[in-house]
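Novice: One structure, as C-alpha cells, below. Some questions next.
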Amino acid sequence: MITLDIPHFFCHEMEKISSHYKMDKPLVEKTIQTLLEKHPDVYQLMIQGQAYEEIQRRASYKRFIKAVKKDIYYQLRQYHVHQKESDALQGELKQLVLQEVPWEQMTCLLEQIMSTHISTKERLPFYKTFYHELFQVIDYPESIIDIGCGLHPLSYPFHTHHHLKHYIAIDKDKQVISILNDLASYLLPLIFKPLCMDLKNIHWENISDTQQKKCDLAFMLKIIPVIQRQNKALLNLLCNVPATWVFITGNIEAMTRKQTIYHREKQLLHEFIRLSGKKMIHTFHFDTEFGYLLG
Ligand SMILES: C[S@@+](CC[C@H](N)C(=O)[O-])C[C@H]1O[C@@H](n2cnc3c(N)ncnc32)[C@H](O)[C@@H]1O
C-alpha cells in the first residue's frame with residue numbers, strides 16, 4: 001500500500017476528528033490515508049495547492065469527511081478487536097491449559113486476552129473493586145449466567161470462589177465463545193459452559209442446567225442498551241432471566257465519541273427495571289460504568 005502524504009493544512013481537520021472520537025491520532029491518520037486512496041479526486045484537490053477554504057466547500061470533500069467519520073465510527077463499534085493478537089493469545093492459552101499451570105501463571109495472559117474486548121478492557125483498572133463491592137452485597141454464588149458475556153467471564157475470581165459450581169456464558173461472537181471454551185477443561189470440576197447464540201433464540205428452560213433451574217446471579221453487563229438498540233422486544237425476554245440476583249450495568253462514556261452517555265443509559269436501565277418488576281437492591285458507580293443489583 002502506498003502511503004499518501006497528508007497535506008499540512010489538513011492536520012487541523014485530523015485534530016478535530018481525534019478530539020471527538022475515542023481513537024488515537026496515529027490510527028485516525030492511518031484511516032484517513034486509507035480512505036484518501038479511495039477518494040483520489042480529493043487527494044488531487046489537496047495537493048493542487050488550492051486554498052483550504054475552497055476545498056472545504058467542495059461536495060467531494062464533504063463526502064470524503066463523512067466517509068472518514070463513518071469508517072472511524074464503524075471501527076470503534078467493534079467489541080472484539082486486534083484479531084491477530086487475539087489469535088496468538090488464544091494459542092498461548094491453549095498451551096497453558098494443556099500444561100495445567102497454576103492459576104497465578106494464568107492471570108497475566110487472561111488480562112491480555114481481556115484487553116482485546118473493548119467492554120472488558122475498560123473494566124480492567126477496577127475489576128478488584130467491582131467484585132469486592134458486589135460480594136459485600138450478596139453471598140458468593142453457586143451458579144452464574146452471563147448474558148452477552150464478551151470476555152468478562154475471564155475476570156471471575158475462580159481460584160478463590162470454590163462455591164461456584166456452574167457458570168453459563170452466552171454471546172453471539174464465535175471467537176469470544178471459542179476462547180472461553182478453551183478454558184473450560186482447566187476450570188473443572190466447575191461446569192463452565194460457554195454458548196454461542198443470539199439472544200433472540202434463547203429459551204431459558206433449555207439453558208439452565210443447574211438442578212434448581214434458576215441461577216443465583218445473572219450478569220447483564222452493558223448489554224441492555226445494546227439490546228434496546230438492536231431489538232427492543234428482546235428486553236421482555238431478558239426481564240425473565242432465571243436468576244435470583246440480576247446485575248445490570250451501563251456505560252458512562254460513549255463507545256465511539258468522547259462524550260457522556262450516562263443520563264441516556266441510566267434512563268434505559270431504569271425503564272428495564274420498571275419492565276422487569278424487580279427491586280433495586282444496590283447501586284454501583286465505578287470509573288467508566290455504573291449499575292444496579294436487582295432482586
Ligand atoms: C457491550 S458488550 C458487553 C460485554 C460484556 N458483558 C462486558 O460488559 O464485558 C456486548 C456483548 O454482547 C454481545 N451481543 C450483542 N448482541 C447480542 C445478541 N443479540 N445475542 C448475543 N450476544 C450479543 C456482543 O457480541 C458483545 O460481546
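Ordered as shown in the C-alpha cells, chains take letters A, B, and onward, while each chain numbers its residues from 1 and ligands are numbered from 1 in the order shown.
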Counting only C-alpha atoms and all ligand atoms, which residues of chain A sit at most 7 Å from some atom of ligand 1, and what is each one's closest atom pair with its distance in Å to one decimal, listed by chain and rising residue number, as a tab-separated table?
Specialist:
```
residue	atom	partner	partner_atom_place_in_ligand_line	distance
A:Tyr79	CA	ligand 1	26 (C)	6.0
A:Ser119	CA	ligand 1	9 (O)	4.4
A:Thr120	CA	ligand 1	9 (O)	3.9
A:Ile147	CA	ligand 1	6 (N)	6.6
A:Gly148	CA	ligand 1	12 (O)	3.6
A:Cys149	CA	ligand 1	6 (N)	4.0
A:Gly150	CA	ligand 1	27 (O)	3.6
A:Leu151	CA	ligand 1	9 (O)	5.9
A:His152	CA	ligand 1	9 (O)	4.5
A:Ile170	CA	ligand 1	21 (C)	6.4
A:Asp171	CA	ligand 1	22 (N)	3.8
A:Lys172	CA	ligand 1	21 (C)	4.0
A:Asp173	CA	ligand 1	25 (O)	4.7
A:Met197	CA	ligand 1	21 (C)	5.7
A:Asp198	CA	ligand 1	20 (N)	3.5
A:Leu199	CA	ligand 1	20 (N)	3.9
A:Lys200	CA	ligand 1	19 (N)	6.1
A:Met220	CA	ligand 1	6 (N)	6.1
A:Leu221	CA	ligand 1	6 (N)	4.2
A:Lys222	CA	ligand 1	1 (C)	4.8
A:Ile223	CA	ligand 1	10 (C)	5.2
A:Val226	CA	ligand 1	15 (C)	6.3
A:Ile227	CA	ligand 1	16 (N)	6.2
```
Novice: Print the selection's residues with C-alpha atoms to a file, as a PDB file, in the first residue's frame.
Specialist:
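Contents of again.pdb, freshly written:
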```
ATOM      1  CA  TYR A  79     -16.269  -5.065  20.587  1.00  0.00           C
ATOM      2  CA  SER A 119     -16.045  -3.617  27.190  1.00  0.00           C
ATOM      3  CA  THR A 120     -13.963  -5.940  29.320  1.00  0.00           C
ATOM      4  CA  ILE A 147     -25.746 -12.709  29.145  1.00  0.00           C
ATOM      5  CA  GLY A 148     -23.853 -11.057  26.247  1.00  0.00           C
ATOM      6  CA  CYS A 149     -20.772 -12.022  28.253  1.00  0.00           C
ATOM      7  CA  GLY A 150     -17.940 -10.821  25.983  1.00  0.00           C
ATOM      8  CA  LEU A 151     -14.700 -11.829  27.704  1.00  0.00           C
ATOM      9  CA  HIS A 152     -15.967 -10.810  31.137  1.00  0.00           C
ATOM     10  CA  ILE A 170     -23.720 -16.586  26.350  1.00  0.00           C
ATOM     11  CA  ASP A 171     -22.572 -14.431  23.439  1.00  0.00           C
ATOM     12  CA  LYS A 172     -23.182 -14.428  19.686  1.00  0.00           C
ATOM     13  CA  ASP A 173     -19.498 -13.737  18.933  1.00  0.00           C
ATOM     14  CA  MET A 197     -26.012 -17.993  20.384  1.00  0.00           C
ATOM     15  CA  ASP A 198     -28.061 -14.942  19.560  1.00  0.00           C
ATOM     16  CA  LEU A 199     -30.249 -13.889  22.457  1.00  0.00           C
ATOM     17  CA  LYS A 200     -33.237 -13.834  20.142  1.00  0.00           C
ATOM     18  CA  MET A 220     -26.092  -8.428  32.220  1.00  0.00           C
ATOM     19  CA  LEU A 221     -23.187  -6.056  31.885  1.00  0.00           C
ATOM     20  CA  LYS A 222     -23.512  -3.269  29.306  1.00  0.00           C
ATOM     21  CA  ILE A 223     -25.934  -5.436  27.332  1.00  0.00           C
ATOM     22  CA  VAL A 226     -27.182  -2.816  23.153  1.00  0.00           C
ATOM     23  CA  ILE A 227     -30.356  -4.931  23.023  1.00  0.00           C
TER      24      ILE A 227
END
```
Novice: Please list as a ChimeraX atom specification every residue within 12 Å of Leu293 in chain A, counting only C-alpha atoms and excluding residues in the same chain fewer than 5 positions away.
Specialist: /A:133-138,217-221,243-249,269-270,273,278-285
Novice: Can you spit out the residues from that selection as an mmCIF file, in the first residue's frame, using N, CA and C atoms?
Specialist:
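What ended up in out-v9.cif:
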```cif
data_model
loop_
_atom_site.group_PDB
_atom_site.id
_atom_site.type_symbol
_atom_site.label_atom_id
_atom_site.label_comp_id
_atom_site.auth_asym_id
_atom_site.auth_seq_id
_atom_site.Cartn_x
_atom_site.Cartn_y
_atom_site.Cartn_z
ATOM 1 N N GLU A 133 -17.100 -4.979 45.830
ATOM 2 C CA GLU A 133 -18.385 -4.319 46.151
ATOM 3 C C GLU A 133 -19.550 -5.269 45.957
ATOM 4 N N LEU A 134 -19.511 -6.025 44.879
ATOM 5 C CA LEU A 134 -20.625 -6.931 44.583
ATOM 6 C C LEU A 134 -20.803 -7.957 45.703
ATOM 7 N N PHE A 135 -19.670 -8.538 46.146
ATOM 8 C CA PHE A 135 -19.787 -9.605 47.148
ATOM 9 C C PHE A 135 -19.863 -9.077 48.578
ATOM 10 N N GLN A 136 -19.951 -7.764 48.706
ATOM 11 C CA GLN A 136 -20.314 -7.200 50.004
ATOM 12 C C GLN A 136 -21.833 -7.176 50.107
ATOM 13 N N VAL A 137 -22.493 -7.178 48.955
ATOM 14 C CA VAL A 137 -23.962 -7.064 48.938
ATOM 15 C C VAL A 137 -24.620 -8.443 48.878
ATOM 16 N N ILE A 138 -24.025 -9.370 48.115
ATOM 17 C CA ILE A 138 -24.623 -10.716 48.019
ATOM 18 C C ILE A 138 -23.613 -11.791 48.425
ATOM 19 N N LEU A 217 -27.018 -15.844 40.296
ATOM 20 C CA LEU A 217 -26.675 -14.500 39.822
ATOM 21 C C LEU A 217 -26.672 -14.436 38.292
ATOM 22 N N ALA A 218 -27.254 -13.370 37.748
ATOM 23 C CA ALA A 218 -27.149 -13.119 36.295
ATOM 24 C C ALA A 218 -26.334 -11.848 36.100
ATOM 25 N N PHE A 219 -25.301 -11.938 35.275
ATOM 26 C CA PHE A 219 -24.596 -10.735 34.850
ATOM 27 C C PHE A 219 -25.237 -10.281 33.542
ATOM 28 N N MET A 220 -25.648 -9.016 33.500
ATOM 29 C CA MET A 220 -26.092 -8.428 32.220
ATOM 30 C C MET A 220 -25.351 -7.107 32.099
ATOM 31 N N LEU A 221 -24.054 -7.229 31.844
ATOM 32 C CA LEU A 221 -23.187 -6.056 31.885
ATOM 33 C C LEU A 221 -23.142 -5.368 30.520
ATOM 34 N N ALA A 243 -32.860 -16.018 37.403
ATOM 35 C CA ALA A 243 -31.797 -15.770 38.382
ATOM 36 C C ALA A 243 -32.364 -15.030 39.592
ATOM 37 N N THR A 244 -31.787 -15.304 40.734
ATOM 38 C CA THR A 244 -32.235 -14.645 41.967
ATOM 39 C C THR A 244 -31.770 -13.191 41.993
ATOM 40 N N TRP A 245 -30.498 -12.986 41.676
ATOM 41 C CA TRP A 245 -29.940 -11.629 41.618
ATOM 42 C C TRP A 245 -29.587 -11.305 40.170
ATOM 43 N N VAL A 246 -29.889 -10.081 39.785
ATOM 44 C CA VAL A 246 -29.553 -9.678 38.412
ATOM 45 C C VAL A 246 -28.720 -8.392 38.490
ATOM 46 N N PHE A 247 -27.538 -8.459 37.914
ATOM 47 C CA PHE A 247 -26.634 -7.308 37.964
ATOM 48 C C PHE A 247 -26.595 -6.670 36.574
ATOM 49 N N ILE A 248 -27.157 -5.461 36.464
ATOM 50 C CA ILE A 248 -27.185 -4.785 35.160
ATOM 51 C C ILE A 248 -26.285 -3.546 35.218
ATOM 52 N N THR A 249 -25.612 -3.268 34.114
ATOM 53 C CA THR A 249 -24.782 -2.050 34.099
ATOM 54 C C THR A 249 -24.910 -1.310 32.763
ATOM 55 N N LEU A 269 -31.734 1.858 31.712
ATOM 56 C CA LEU A 269 -31.670 0.842 32.766
ATOM 57 C C LEU A 269 -32.887 0.964 33.694
ATOM 58 N N HIS A 270 -33.303 2.197 33.963
ATOM 59 C CA HIS A 270 -34.492 2.385 34.830
ATOM 60 C C HIS A 270 -35.757 1.867 34.141
ATOM 61 N N ILE A 273 -35.708 -1.789 34.593
ATOM 62 C CA ILE A 273 -36.068 -2.200 35.967
ATOM 63 C C ILE A 273 -37.590 -2.167 36.128
ATOM 64 N N LYS A 278 -38.628 -5.921 39.053
ATOM 65 C CA LYS A 278 -37.700 -6.315 40.119
ATOM 66 C C LYS A 278 -37.380 -5.112 41.011
ATOM 67 N N LYS A 279 -36.830 -5.418 42.171
ATOM 68 C CA LYS A 279 -36.470 -4.358 43.131
ATOM 69 C C LYS A 279 -35.004 -3.995 42.986
ATOM 70 N N MET A 280 -34.724 -2.709 43.118
ATOM 71 C CA MET A 280 -33.330 -2.283 43.056
ATOM 72 C C MET A 280 -32.738 -2.448 44.454
ATOM 73 N N ILE A 281 -31.717 -3.310 44.552
ATOM 74 C CA ILE A 281 -31.162 -3.622 45.875
ATOM 75 C C ILE A 281 -29.952 -2.742 46.175
ATOM 76 N N HIS A 282 -29.183 -2.440 45.147
ATOM 77 C CA HIS A 282 -27.949 -1.683 45.372
ATOM 78 C C HIS A 282 -27.535 -0.944 44.094
ATOM 79 N N THR A 283 -26.933 0.218 44.288
ATOM 80 C CA THR A 283 -26.433 0.996 43.139
ATOM 81 C C THR A 283 -24.906 0.983 43.150
ATOM 82 N N PHE A 284 -24.315 0.810 41.977
ATOM 83 C CA PHE A 284 -22.848 0.794 41.870
ATOM 84 C C PHE A 284 -22.395 1.947 40.974
ATOM 85 N N HIS A 285 -21.243 2.474 41.311
ATOM 86 C CA HIS A 285 -20.660 3.504 40.455
ATOM 87 C C HIS A 285 -19.169 3.241 40.356
#
```
Novice: At a cut-off of 9 Å, using only C-alpha atoms, what residues contact Asn236 in chain A? Leave out same-chain residues fewer than 4 positions from it and give the result as a CSV table (one decimal) with C-alpha atoms, in the first residue's frame.
Specialist:
```
chain,number,residue,atom,x,y,z
A,232,LYS,CA,-36.5,-3.7,21.9
A,240,ASN,CA,-37.4,-13.2,32.7
A,272,PHE,CA,-35.7,-2.0,32.2
A,275,LEU,CA,-40.4,-3.5,32.9
A,276,SER,CA,-38.9,-6.4,35.0
```
Novice: Extract the full set of helix (DSSP H, G or I) residues from range 138-285 of chain A according to DSSP on the backbone, and format it as a PyMOL selection string.
Specialist: chain A and resi 152-155+174-184+199-201+204-207+224-230+234-239+262-276
Novice: CA of His163 in chain A and CA of Pro141 in chain A are how many Å apart?
Specialist: 6.8 Å
Novice: Residues at most 9 Å from Tyr73 in chain A, counting only C-alpha atoms, excluding those fewer than 3 positions away in the same chain, as a list in words?
Specialist: Tyr21, Val68, Lys69, Lys70, Leu76, Arg77, Thr256 and Arg257 of chain A
Novice: At what distance in Å, to one decimal, does CA of Gly250 in chain A lie from CA of Thr288 in chain A?
Specialist: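 It comes out at 8.9 Å.
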Novice: Neighbouring residues of Arg123 in chain A were defined as those with any atom within 10 Å, considering only C-alpha atoms; residues of the same chain fewer than 2 positions away were excluded. Please report them as a VMD selection string.
Specialist: chain A and resid 114 to 115 118 to 121 125 to 130 152 155 286 to 289
Novice: For the residues in the current selection, export C-alpha atoms as a short mmCIF file (atom, residue, chain, number, x, y, z; two decimals), in the first residue's frame.
Specialist:
```cif
data_model
loop_
_atom_site.label_atom_id
_atom_site.label_comp_id
_atom_site.auth_asym_id
_atom_site.auth_seq_id
_atom_site.Cartn_x
_atom_site.Cartn_y
_atom_site.Cartn_z
CA MET A 114 -9.50 -9.41 28.13
CA SER A 115 -7.81 -6.33 26.63
CA ILE A 118 -13.40 -3.21 24.46
CA SER A 119 -16.04 -3.62 27.19
CA THR A 120 -13.96 -5.94 29.32
CA LYS A 121 -10.80 -3.90 28.77
CA PRO A 125 -8.49 -0.99 36.18
CA PHE A 126 -11.37 -1.56 38.61
CA TYR A 127 -12.21 -5.29 38.48
CA LYS A 128 -10.97 -5.76 42.05
CA THR A 129 -13.36 -3.08 43.36
CA PHE A 130 -16.10 -4.42 41.11
CA HIS A 152 -15.97 -10.81 31.14
CA SER A 155 -12.16 -11.89 35.08
CA PHE A 286 -17.29 2.56 39.04
CA ASP A 287 -14.87 4.56 36.95
CA THR A 288 -16.46 4.26 33.50
CA GLU A 289 -19.50 2.17 34.37
#
```
Novice: Got a sec: who's within 6 Å of range 174-178 of chain A, counting only C-alpha atoms, leaving out chain neighbours fewer than 2 positions off, as number ranges by chain?
Specialist: A: 180-181, 194, 196
Novice: Residues of the last selection are to be written out with C-alpha atoms, as an mmCIF file, in the first residue's frame.
Specialist:
```cif
data_model
loop_
_atom_site.group_PDB
_atom_site.id
_atom_site.type_symbol
_atom_site.label_atom_id
_atom_site.label_comp_id
_atom_site.auth_asym_id
_atom_site.auth_seq_id
_atom_site.Cartn_x
_atom_site.Cartn_y
_atom_site.Cartn_z
ATOM 1 C CA LEU A 180 -13.937 -19.162 26.699
ATOM 2 C CA ASN A 181 -14.320 -22.798 25.659
ATOM 3 C CA PRO A 194 -19.902 -21.012 27.031
ATOM 4 C CA CYS A 196 -22.533 -19.248 21.089
#
```
Novice: Just checking: using only C-alpha atoms, which residue out of A:Pro157, A:Pro7, A:Gly91, A:Gly295 ends up closest to Gln33 in chain A?
Specialist: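 Closest residue, counting only C-alpha atoms: A:Pro7.
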Novice: Would you mind reading off the distance between CA of Lys213 in chain A and CA of Ile145 in chain A, one decimal, in Å?
Specialist: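 We find that CA of Lys213 in chain A and CA of Ile145 in chain A lie 11.3 Å from each other.
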Novice: Looking at only C-alpha atoms, which of A:Glu265, A:Asp139, A:Glu29, A:Asp182 is the one that sits closest to Ile224 in chain A?
Specialist: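 Looking only at the distances to Ile224 in chain A, the closest residue turns out to be A:Glu265.
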